[in-house]
>>> print(open('coords_14.txt').read())   # compact mmCIF, C-alpha atoms and all ligand atoms
# COMPACT_ATOMS: atom_id res chain seq x y z
CA MET D 253 5.87 -13.91 -28.09
CA GLU D 254 5.13 -15.31 -24.64
CA SER D 255 7.95 -17.86 -24.94
CA GLU D 256 10.33 -15.03 -25.85
CA LEU D 257 9.23 -13.13 -22.74
CA ILE D 258 9.66 -16.24 -20.56
CA ALA D 259 13.14 -16.78 -22.00
CA TYR D 260 13.95 -13.13 -21.29
CA LEU D 261 12.67 -13.43 -17.73
CA ARG D 262 14.47 -16.71 -17.02
CA GLU D 263 17.68 -14.88 -17.83
CA ARG D 264 16.82 -11.85 -15.79
CA LEU D 265 15.32 -13.47 -12.67
CA PRO D 266 17.75 -14.26 -9.85
CA PRO D 267 17.34 -17.44 -7.77
CA HIS D 268 15.37 -17.02 -4.54
CA PRO D 269 15.49 -19.27 -1.46
CA SER D 270 11.67 -19.44 -1.19
CA LEU D 271 11.24 -20.33 -4.84
CA ARG D 272 11.45 -24.11 -5.26
CA LEU D 273 10.25 -23.90 -8.87
CA GLY D 274 9.91 -20.67 -10.85
CA ALA D 275 8.55 -19.45 -14.21
CA GLY D 276 8.27 -21.97 -17.06
CA ASP D 277 6.30 -24.87 -15.58
CA ASP D 278 2.50 -25.03 -15.13
CA ALA D 279 2.77 -23.39 -11.71
CA ALA D 280 5.42 -22.18 -9.31
CA ILE D 281 6.34 -23.88 -6.05
CA LEU D 282 7.03 -21.72 -2.99
CA SER D 283 8.44 -22.67 0.36
CA LEU D 284 6.89 -20.68 3.20
CA GLY D 285 8.54 -22.45 6.12
CA GLU D 286 7.05 -24.78 8.68
CA SER D 287 4.97 -22.50 10.86
CA SER D 288 3.95 -19.74 8.48
CA ASP D 289 0.65 -18.61 7.00
CA ALA D 290 0.48 -17.19 3.47
CA VAL D 291 -0.84 -13.64 2.98
CA VAL D 292 -2.12 -13.04 -0.56
CA THR D 293 -3.10 -9.79 -2.26
CA VAL D 294 -3.79 -8.71 -5.86
CA ASP D 295 -4.08 -5.36 -7.63
CA MET D 296 -4.96 -4.44 -11.21
CA LEU D 297 -3.92 -1.24 -13.01
CA MET D 298 -5.37 -0.22 -16.37
CA ASP D 299 -4.10 2.22 -18.99
CA GLY D 300 -6.60 5.07 -19.28
CA VAL D 301 -8.02 4.47 -15.80
CA ASP D 302 -5.14 4.24 -13.29
CA PHE D 303 -2.44 5.82 -15.46
CA ARG D 304 -1.93 7.00 -19.03
CA LEU D 305 0.93 5.46 -20.98
CA ASP D 306 1.20 8.64 -23.06
CA GLU D 307 2.09 10.51 -19.85
CA VAL D 308 4.21 8.10 -17.81
CA ALA D 309 7.12 5.77 -18.52
CA PRO D 310 6.10 2.07 -18.48
CA ARG D 311 8.94 1.38 -16.05
CA ARG D 312 7.16 3.49 -13.39
CA VAL D 313 3.86 1.71 -14.11
CA GLY D 314 5.52 -1.69 -13.61
CA ARG D 315 7.18 -0.55 -10.39
CA LYS D 316 3.91 0.84 -9.02
CA SER D 317 2.01 -2.37 -9.85
CA LEU D 318 4.32 -4.30 -7.57
CA ALA D 319 4.66 -1.51 -4.98
CA VAL D 320 0.91 -1.26 -4.29
CA ASN D 321 0.85 -4.97 -3.50
CA LEU D 322 3.90 -4.68 -1.24
CA SER D 323 2.16 -1.81 0.56
CA ASP D 324 -0.77 -4.14 1.28
CA LEU D 325 1.64 -6.76 2.63
CA ALA D 326 3.22 -4.07 4.84
CA ALA D 327 -0.25 -3.19 6.16
CA MET D 328 -0.57 -6.82 7.28
CA ALA D 329 2.97 -6.93 8.76
CA ALA D 330 3.72 -9.73 6.30
CA GLU D 331 7.17 -10.52 4.92
CA PRO D 332 7.04 -10.45 1.11
CA VAL D 333 7.95 -13.76 -0.54
CA ALA D 334 6.89 -13.85 -4.17
CA ALA D 335 4.75 -12.24 -6.85
CA VAL D 336 3.17 -13.32 -10.15
CA VAL D 337 2.57 -10.87 -12.99
CA ALA D 338 -0.39 -10.94 -15.40
CA LEU D 339 -0.21 -8.69 -18.47
CA ALA D 340 -2.76 -7.86 -21.15
CA LEU D 341 -0.54 -6.18 -23.73
CA PRO D 342 -1.63 -4.11 -26.71
CA LYS D 343 -0.66 -5.97 -29.94
CA GLN D 344 1.37 -3.02 -31.21
CA GLY D 345 4.70 -2.81 -29.40
CA GLY D 346 3.68 -5.31 -26.72
CA MET D 347 7.05 -7.00 -26.28
CA ALA D 348 8.98 -3.75 -25.83
CA LEU D 349 6.30 -2.57 -23.41
CA ALA D 350 6.50 -5.81 -21.38
CA LYS D 351 10.26 -5.48 -21.04
CA SER D 352 9.92 -1.83 -19.96
CA LEU D 353 7.37 -2.82 -17.30
CA TYR D 354 9.81 -5.41 -15.96
CA GLU D 355 12.54 -2.74 -15.83
CA GLY D 356 10.43 -1.24 -13.05
CA ILE D 357 9.27 -4.48 -11.45
CA LEU D 358 12.62 -6.26 -11.15
CA PRO D 359 14.64 -3.65 -9.20
CA LEU D 360 11.83 -3.23 -6.65
CA ALA D 361 11.52 -7.01 -6.34
CA ALA D 362 15.27 -7.21 -5.73
CA GLU D 363 15.15 -4.38 -3.16
CA PHE D 364 12.58 -6.25 -1.06
CA ASP D 365 13.77 -9.78 -1.84
CA VAL D 366 10.59 -10.76 -3.72
CA ALA D 367 10.78 -13.74 -6.09
CA ILE D 368 8.98 -13.16 -9.39
CA ALA D 369 7.50 -16.65 -9.52
CA GLY D 370 5.76 -16.49 -12.88
CA GLY D 371 2.77 -14.95 -14.56
CA ASP D 372 0.66 -14.87 -17.70
CA THR D 373 0.86 -12.71 -20.81
CA ASN D 374 -1.85 -12.10 -23.40
CA SER D 375 -2.11 -9.60 -26.21
CA TRP D 376 -5.23 -7.91 -27.54
CA ASP D 377 -6.50 -4.81 -29.31
CA GLY D 378 -7.19 -3.09 -26.00
CA PRO D 379 -4.95 -1.00 -23.76
CA LEU D 380 -2.37 -2.28 -21.28
CA VAL D 381 -3.72 -4.01 -18.18
CA ILE D 382 -1.26 -5.18 -15.53
CA SER D 383 -2.23 -7.23 -12.53
CA ILE D 384 0.23 -8.44 -9.91
CA THR D 385 -0.52 -10.93 -7.16
CA ALA D 386 1.86 -10.85 -4.20
CA ILE D 387 2.37 -13.51 -1.57
CA GLY D 388 3.77 -12.81 1.88
CA SER D 389 4.26 -14.82 5.02
CA VAL D 390 3.39 -14.31 8.67
CA LYS D 391 4.11 -16.50 11.65
CA ALA D 392 1.26 -18.87 12.38
CA ILE D 393 0.37 -18.89 16.07
CA LYS D 394 -2.54 -20.39 17.90
CA THR D 395 -3.85 -18.22 20.71
CA ALA D 396 -7.36 -17.37 21.88
CA ASN D 397 -7.57 -14.10 19.87
CA SER D 398 -5.29 -14.71 16.95
CA THR D 399 -4.11 -17.28 14.44
CA SER D 400 -1.07 -15.42 13.15
CA THR D 401 1.14 -12.39 13.67
CA ALA D 402 -0.63 -10.52 10.83
CA TRP D 403 -2.01 -7.06 11.57
CA ARG D 404 -5.68 -6.70 10.70
CA ARG D 405 -8.07 -3.81 10.35
CA SER D 406 -10.34 -5.12 13.06
CA GLY D 407 -8.34 -4.82 16.29
CA ALA D 408 -8.61 -1.12 17.24
CA ARG D 409 -10.29 -0.32 20.58
CA PRO D 410 -11.90 2.88 21.86
CA GLY D 411 -9.15 4.87 23.59
CA ASP D 412 -6.43 3.66 21.19
CA LEU D 413 -4.46 6.35 19.45
CA LEU D 414 -4.24 6.57 15.65
CA LEU D 415 -0.62 6.81 14.51
CA ALA D 416 0.58 7.48 10.98
CA THR D 417 3.89 7.05 9.17
CA GLY D 418 5.16 9.82 6.90
CA GLU D 419 3.22 12.68 5.33
CA PHE D 420 0.00 13.06 3.37
CA GLY D 421 -1.38 14.80 0.30
CA GLY D 422 -0.31 15.81 -3.19
CA SER D 423 0.86 12.32 -4.19
CA ILE D 424 -0.31 12.97 -7.77
CA LEU D 425 2.78 15.18 -8.16
CA GLY D 426 4.99 12.06 -8.11
CA LYS D 427 4.75 9.99 -4.93
CA HIS D 428 1.85 7.91 -6.27
CA PHE D 429 4.33 6.26 -8.65
CA ASP D 430 7.59 6.48 -6.75
CA PHE D 431 6.56 5.72 -3.16
CA THR D 432 8.45 3.22 -1.05
CA PRO D 433 6.18 0.51 0.37
CA ARG D 434 6.49 0.64 4.16
CA LEU D 435 7.73 -2.94 4.57
CA ARG D 436 10.86 -2.01 6.54
CA GLU D 437 8.83 0.21 8.83
CA ALA D 438 6.20 -2.49 9.38
CA ARG D 439 8.90 -5.02 10.25
CA ILE D 440 10.46 -2.71 12.85
CA LEU D 441 7.12 -1.80 14.41
CA ALA D 442 5.87 -5.41 14.49
CA GLU D 443 9.05 -6.54 16.23
CA ARG D 444 9.03 -3.84 18.90
CA TYR D 445 5.43 -2.90 19.66
CA GLU D 446 1.97 -4.38 19.99
CA ILE D 447 -0.07 -2.96 17.12
CA HIS D 448 -3.83 -3.49 17.50
CA ALA D 449 -4.84 -2.77 13.90
CA ALA D 450 -3.42 -1.34 10.67
CA ILE D 451 -4.26 -0.24 7.13
CA ASP D 452 -2.29 1.36 4.31
CA VAL D 453 -3.57 4.62 2.84
CA SER D 454 -4.44 3.95 -0.79
CA ASP D 455 -7.72 5.79 -1.31
CA GLY D 456 -7.31 8.66 1.16
CA LEU D 457 -6.35 9.37 4.77
CA ALA D 458 -9.92 10.21 5.84
CA ILE D 459 -11.67 7.31 4.10
CA ASP D 460 -9.03 4.73 5.04
CA ALA D 461 -9.04 5.87 8.70
CA SER D 462 -12.82 5.45 8.69
CA ARG D 463 -12.45 1.94 7.20
CA LEU D 464 -10.02 0.99 9.96
CA ALA D 465 -12.50 2.22 12.57
CA ALA D 466 -15.50 0.55 10.90
CA GLU D 467 -13.77 -2.85 10.74
CA SER D 468 -12.94 -2.43 14.43
CA ARG D 469 -16.58 -1.53 15.22
CA CYS D 470 -15.64 1.83 16.68
CA GLY D 471 -15.24 5.41 15.52
CA VAL D 472 -12.18 7.55 14.96
CA CYS D 473 -11.55 11.26 15.51
CA LEU D 474 -8.77 13.01 13.56
CA ASN D 475 -6.88 15.89 15.19
CA LEU D 476 -6.70 18.15 12.18
CA ALA D 477 -3.83 20.24 13.56
CA SER D 478 -1.66 17.11 13.99
CA ILE D 479 -1.90 15.73 10.46
CA PRO D 480 1.52 15.79 8.76
CA ILE D 481 0.99 17.62 5.48
CA ALA D 482 3.41 16.83 2.64
CA PRO D 483 5.07 19.75 0.83
CA ALA D 484 3.41 18.34 -2.32
CA ALA D 485 -0.02 18.98 -0.76
CA ALA D 486 0.82 22.66 -0.33
CA GLU D 487 2.28 22.76 -3.84
CA LEU D 488 -0.90 21.22 -5.28
CA ALA D 489 -3.10 23.65 -3.34
CA ARG D 490 -1.15 26.51 -4.92
CA GLN D 491 -1.41 25.02 -8.43
CA SER D 492 -4.98 23.82 -8.42
CA PRO D 493 -7.80 26.10 -9.48
CA HIS D 494 -10.09 24.57 -6.83
CA ASP D 495 -10.55 26.00 -3.41
CA GLU D 496 -8.79 23.19 -1.56
CA SER D 497 -6.34 23.76 1.27
CA PRO D 498 -3.18 21.67 1.84
CA LEU D 499 -5.10 19.96 4.69
CA ASP D 500 -7.92 19.06 2.28
CA HIS D 501 -5.36 17.44 0.01
CA ALA D 502 -3.80 15.56 2.94
CA LEU D 503 -7.21 14.22 3.97
CA GLY D 504 -8.53 13.26 0.56
CA ASP D 505 -5.88 12.83 -2.14
CA GLY D 506 -4.99 9.19 -1.46
CA GLU D 507 -2.16 7.06 -2.84
CA ASP D 508 0.13 8.16 0.00
CA PHE D 509 0.79 4.48 0.79
CA GLU D 510 1.61 5.33 4.40
CA LEU D 511 0.52 3.15 7.31
CA LEU D 512 -2.22 3.98 9.82
CA LEU D 513 -1.87 2.13 13.12
CA ALA D 514 -4.05 1.67 16.19
CA VAL D 515 -2.12 1.35 19.46
CA ASP D 516 -2.94 1.76 23.14
CA PRO D 517 -1.93 5.15 24.63
CA GLU D 518 1.06 3.82 26.63
CA THR D 519 2.54 2.04 23.62
CA ALA D 520 1.83 5.11 21.48
CA ALA D 521 3.70 7.34 23.93
CA ARG D 522 6.70 5.00 23.76
CA MET D 523 6.62 4.86 19.96
CA LEU D 524 6.39 8.64 19.66
CA ALA D 525 9.26 9.17 22.10
CA GLU D 526 11.49 6.52 20.50
CA GLN D 527 10.72 7.43 16.85
CA PRO D 528 12.16 4.08 15.68
CA LEU D 529 11.73 4.76 11.95
CA SER D 530 13.71 6.83 9.45
CA ILE D 531 10.42 8.64 8.68
CA PRO D 532 8.26 10.45 11.24
CA LEU D 533 5.65 8.64 13.28
CA THR D 534 2.83 10.98 14.32
CA ALA D 535 -0.29 10.66 16.48
CA ILE D 536 -3.12 12.05 14.37
CA GLY D 537 -6.22 10.99 16.25
CA GLU D 538 -7.96 8.61 18.61
CA PHE D 539 -10.50 5.83 18.43
CA LEU D 540 -13.91 6.39 20.02
CA SER D 541 -16.75 4.10 21.07
CA GLU D 542 -19.09 6.33 19.02
CA PRO D 543 -19.01 4.97 15.43
CA GLY D 544 -18.14 7.16 12.46
CA LEU D 545 -15.45 9.58 11.35
CA TRP D 546 -14.94 12.73 13.41
CA GLN D 547 -12.66 15.75 13.46
CA ARG D 548 -11.30 17.74 16.34
CA ALA D 549 -10.67 21.35 15.46
CA GLU D 550 -8.05 23.43 17.26
CA ALA D 551 -10.73 24.81 19.61
CA GLY D 552 -11.29 21.22 20.80
CA ASN D 553 -14.88 20.62 19.71
CA ILE D 554 -15.67 17.40 17.83
CA THR D 555 -17.77 17.38 14.64
CA PRO D 556 -18.45 14.80 11.90
CA LEU D 557 -15.89 14.59 9.08
CA GLU D 558 -16.74 13.61 5.51
CA PRO D 559 -14.78 10.42 4.62
CA ARG D 560 -13.11 11.96 1.58
CA GLY D 561 -11.06 9.87 -0.79
CA TYR D 562 -11.03 7.98 -4.03
CA LEU D 563 -13.88 5.57 -4.70
CA HIS D 564 -14.05 3.09 -7.57
CA HIS D 565 -17.41 3.47 -9.30
CA PHE D 566 -19.23 0.63 -11.02
CA GLU D 567 -22.82 -0.58 -11.33
MG MG D 601 -4.62 -1.73 1.41
>>> encode(input="coords_14.txt", output="structure tokens", more="lines below")
Ligand SMILES: [Mg+2]
Amino acid sequence: MESELIAYLRERLPPHPSLRLGAGDDAAILSLGESSDAVVTVDMLMDGVDFRLDEVAPRRVGRKSLAVNLSDLAAMAAEPVAAVVALALPKQGGMALAKSLYEGILPLAAEFDVAIAGGDTNSWDGPLVISITAIGSVKAIKTANSTSTAWRRSGARPGDLLLATGEFGGSILGKHFDFTPRLREARILAERYEIHAAIDVSDGLAIDASRLAAESRCGVCLNLASIPIAPAAAELARQSPHDESPLDHALGDGEDFELLLAVDPETAARMLAEQPLSIPLTAIGEFLSEPGLWQRAEAGNITPLEPRGYLHHFE
């Protein structure tokens, strides 16, 4: 079955300038250029945990598996180069399922010029598990504070503003599968502005903002009135039986896959005035020397904020 899938993929996969040797050998060979560093990220999605195949088309699952990795590359300001795909397929209907997954993976790979460099396929009596590893490149540079042009989580400074792309909340109504990884936006911002630190919002605006601050050894205060709330967050607040406001959804839902950025106030003012992206760029808070996550209410007073969001639980 695996050889049939490889034959199918060899027909489907276009050539790629970075791919010296693709699927079919023991390993792939990538060219990253002379002065580049590789950026590597992996994500695993499981039927019954991260999605339910009886509720969602496999094509969307395949697309999302690649998109979450591309979002992580965007958060590092890395150019995507290649990805490898590992599948644990249920024995029943595995081949048809694999092809459907690739119907979602391949168009997204083509859109962002990502070579599918290979992978591994097993079958078992369990549910579908799909894991994609993506490889990106950043310019290698040797300066006192940095070894490459990659954005990290650790560079925010007290006084920096927290900027966000796009809108937040209610992603469960569709965006969590169909989001566009912010690679184009990251490229534009990295070319034009000095970004101190960045993260993509996977688990939740509040918790991911607090992670950015913690890695930078400072705190962050969110201006609640400034947070761009997605129409889906309001829609979900109307639908849900719980007592959660659209703002609650924006802070805690997660899987928005927007970028959070730390920039100095002068740069932030320029970015906000220029609005260089096709989606809004909004200042939603500021970094503080006091550690922790804080909120500023409309009255102006600052109080602690619970870092809401999705946490993976295991013992
Ligand atoms: Mg991430």
>>> residues_around(input="coords_14.txt", residues="D:Ser454", least_positions_apart="3", cutoff="10 Å", atoms="all atoms listed in the file", output="PyMOL selection string")
chain D and resi 320+323-324+428+451+457+459-460+505-511+561-562
>>> atom_distance(input="coords_14.txt", atom1="atom CA of D:Val291", atom2="atom CA of D:Val390")
7.1 Å
>>> closest_residue(input="coords_14.txt", among="D:Ala290, D:Ala326, D:Ile481, D:Leu545", to="ligand MG 601 (chain D)", atoms="only C-alpha atoms and all ligand atoms")
D:Ala326
>>> residues_around(input="coords_14.txt", residues="D:Asn321", least_positions_apart="5", cutoff="12 Å", atoms="only C-alpha atoms", output="PyMOL selection string")
chain D and resi 291-297+314-316+326-328+330-337+357+360-361+366+383-388+432-435+452+454+509
>>> residues_around(input="coords_14.txt", residues="D:Leu533", least_positions_apart="4", cutoff="12 Å", atoms="only C-alpha atoms", output="ChimeraX atom specification")
/D:414-419,437-438,441,478-480,510-513,520-529
>>> closest_residue(input="coords_14.txt", among="D:Arg272, D:Lys351, D:Lys343, D:Arg304", to="D:Ser375", atoms="only C-alpha atoms")
D:Lys343
>>> closest_residue(input="coords_14.txt", among="D:Gly274, D:Gly421, D:Gly456, D:Pro556", to="ligand MG 601 (chain D)", atoms="all atoms listed in the file")
D:Gly456
>>> residues_around(input="coords_14.txt", residues="D:Pro269", least_positions_apart="4", cutoff="9 Å", atoms="all atoms listed in the file", output="mmCIF file with C-alpha atoms, in the frame of the given file")
data_model
loop_
_atom_site.group_PDB
_atom_site.id
_atom_site.type_symbol
_atom_site.label_atom_id
_atom_site.label_comp_id
_atom_site.auth_asym_id
_atom_site.auth_seq_id
_atom_site.Cartn_x
_atom_site.Cartn_y
_atom_site.Cartn_z
ATOM 1 C CA LEU D 282 7.030 -21.720 -2.990
ATOM 2 C CA SER D 283 8.440 -22.670 0.360
ATOM 3 C CA ALA D 367 10.780 -13.740 -6.090
#
>>> closest_residue(input="coords_14.txt", among="D:Val453, D:Pro483, D:Asp306, D:Arg409", to="ligand MG 601 (chain D)", atoms="all atoms listed in the file")
D:Val453
